[in-house]
Amino acid sequence: MRFLSVPAILLVCLASATPVEAATNVAVVDIVRCMEAHKETKNVEDAFRKAQQQANENAQLNKKRLQDLERQLKTMNAEDPNRVMKQRQYELQAATAEFNLKWDMQQAIAAYTRGLESIYRAVCGQIQAHARQNNIDVVLVRSDPKQRISSVDPKDFALKTRLRVVIHAESRVDITDAIVKILEGK
C-alpha cells in the first residue's frame with residue numbers, strides 16, 4: 001500500500017471541494033428581550049400572578065377551616081363517639097387542601113408555559129419574516145453579554161454556558177432592536 005504525501009492529500013481535497021457560492025449572512029437576536037417586548041407578555045405574566053394569588057387565597061381559606069376543625073377536636077373528649085368522625089374529617093380536609101394547592105399551582109404553571117410558548121412562536125415568526133425580508137440566512141440566539149452567569153452548582157453552570165451559543169457578535173449584526181420595534185408596533 002502506498003501512502004500519499006501531505007501536499008498530495010491537500011491537492012486531492014481541494015480538487016474535490018465544491019466552490020463556495022456566497023458568504024452567509026448571519027445575524028444575532030436577544031430572544032428574551034424580544035419576548036419581553038411582545039404585547040401579550042404582560043397579559044400572560046399578569047394571569048400567572050393572578051392564578052398564583054388565587055391559589056394562595058384558597059389555601060388560606062382552607063387553613064382557617066382546618067384550624068376551626070382542630071379547635072373543635074381539642075374541645076372534644078377522647079371518649080366522644082364523634083371524635084373519630086371529626087378526626088377523619090380533619091385529615092380528609094387537610095389532604096384535600098394540600099392536593100388543591102398543588103393542583104392549582106400546577107395549572108397556573110401549565111397555563112403560563114403555554115402562554116410563553118405561544119409568545120415564543122410569534123416572536124420567532126417575526127424574526128423569520130424579518131430575516132427573509134433582509135436576506136439574512138442564519139439568526140442565532142444571543143444572550144445579553146453583560147448578564148452574569150449566576151450558578152448554584154457546576155451542572156447549573158455547564159447548562160447556562162451551553163445556552164450561551166454566541167460568545168461575541170458585532171452590534172451591526174444584532175437585529176434585536178429592529179425586532180423589538182416591530183413587536184412594539186413602531
# chains A, B, ... in the order shown; residues from 1 in each chain; ligands from 1
$ residues_around --residues "Thr96 in chain A" --least-positions-apart "4" --cutoff "12 Å" --atoms "only C-alpha atoms" --output "NGL selection string"
:A and (58-59 or 62-63 or 65-66 or 89-92 or 100-104)
$ residues_around --residues "Gly125 in chain A" --least-positions-apart "6" --cutoff "12 Å" --atoms "only C-alpha atoms" --output "JSON, numbers by chain"
{"A": [31, 34, 35, 118, 119, 131, 132, 179, 182, 183]}
$ closest_residue --among "A:Glu57, A:Asp46, A:Asp177, A:Glu79" --to "Ile127 in chain A" --atoms "only C-alpha atoms"
A:Asp177
$ closest_residue --among "A:Asp137, A:Lys42, A:Arg142, A:Ser150" --to "Thr24 in chain A" --atoms "only C-alpha atoms"
A:Asp137
$ residues_around --residues "Val180 in chain A" --least-positions-apart "5" --cutoff "10 Å" --atoms "only C-alpha atoms" --output "VMD selection string"
chain A and resid 29 to 31 33 to 38 123 126 to 127 175 185 to 186
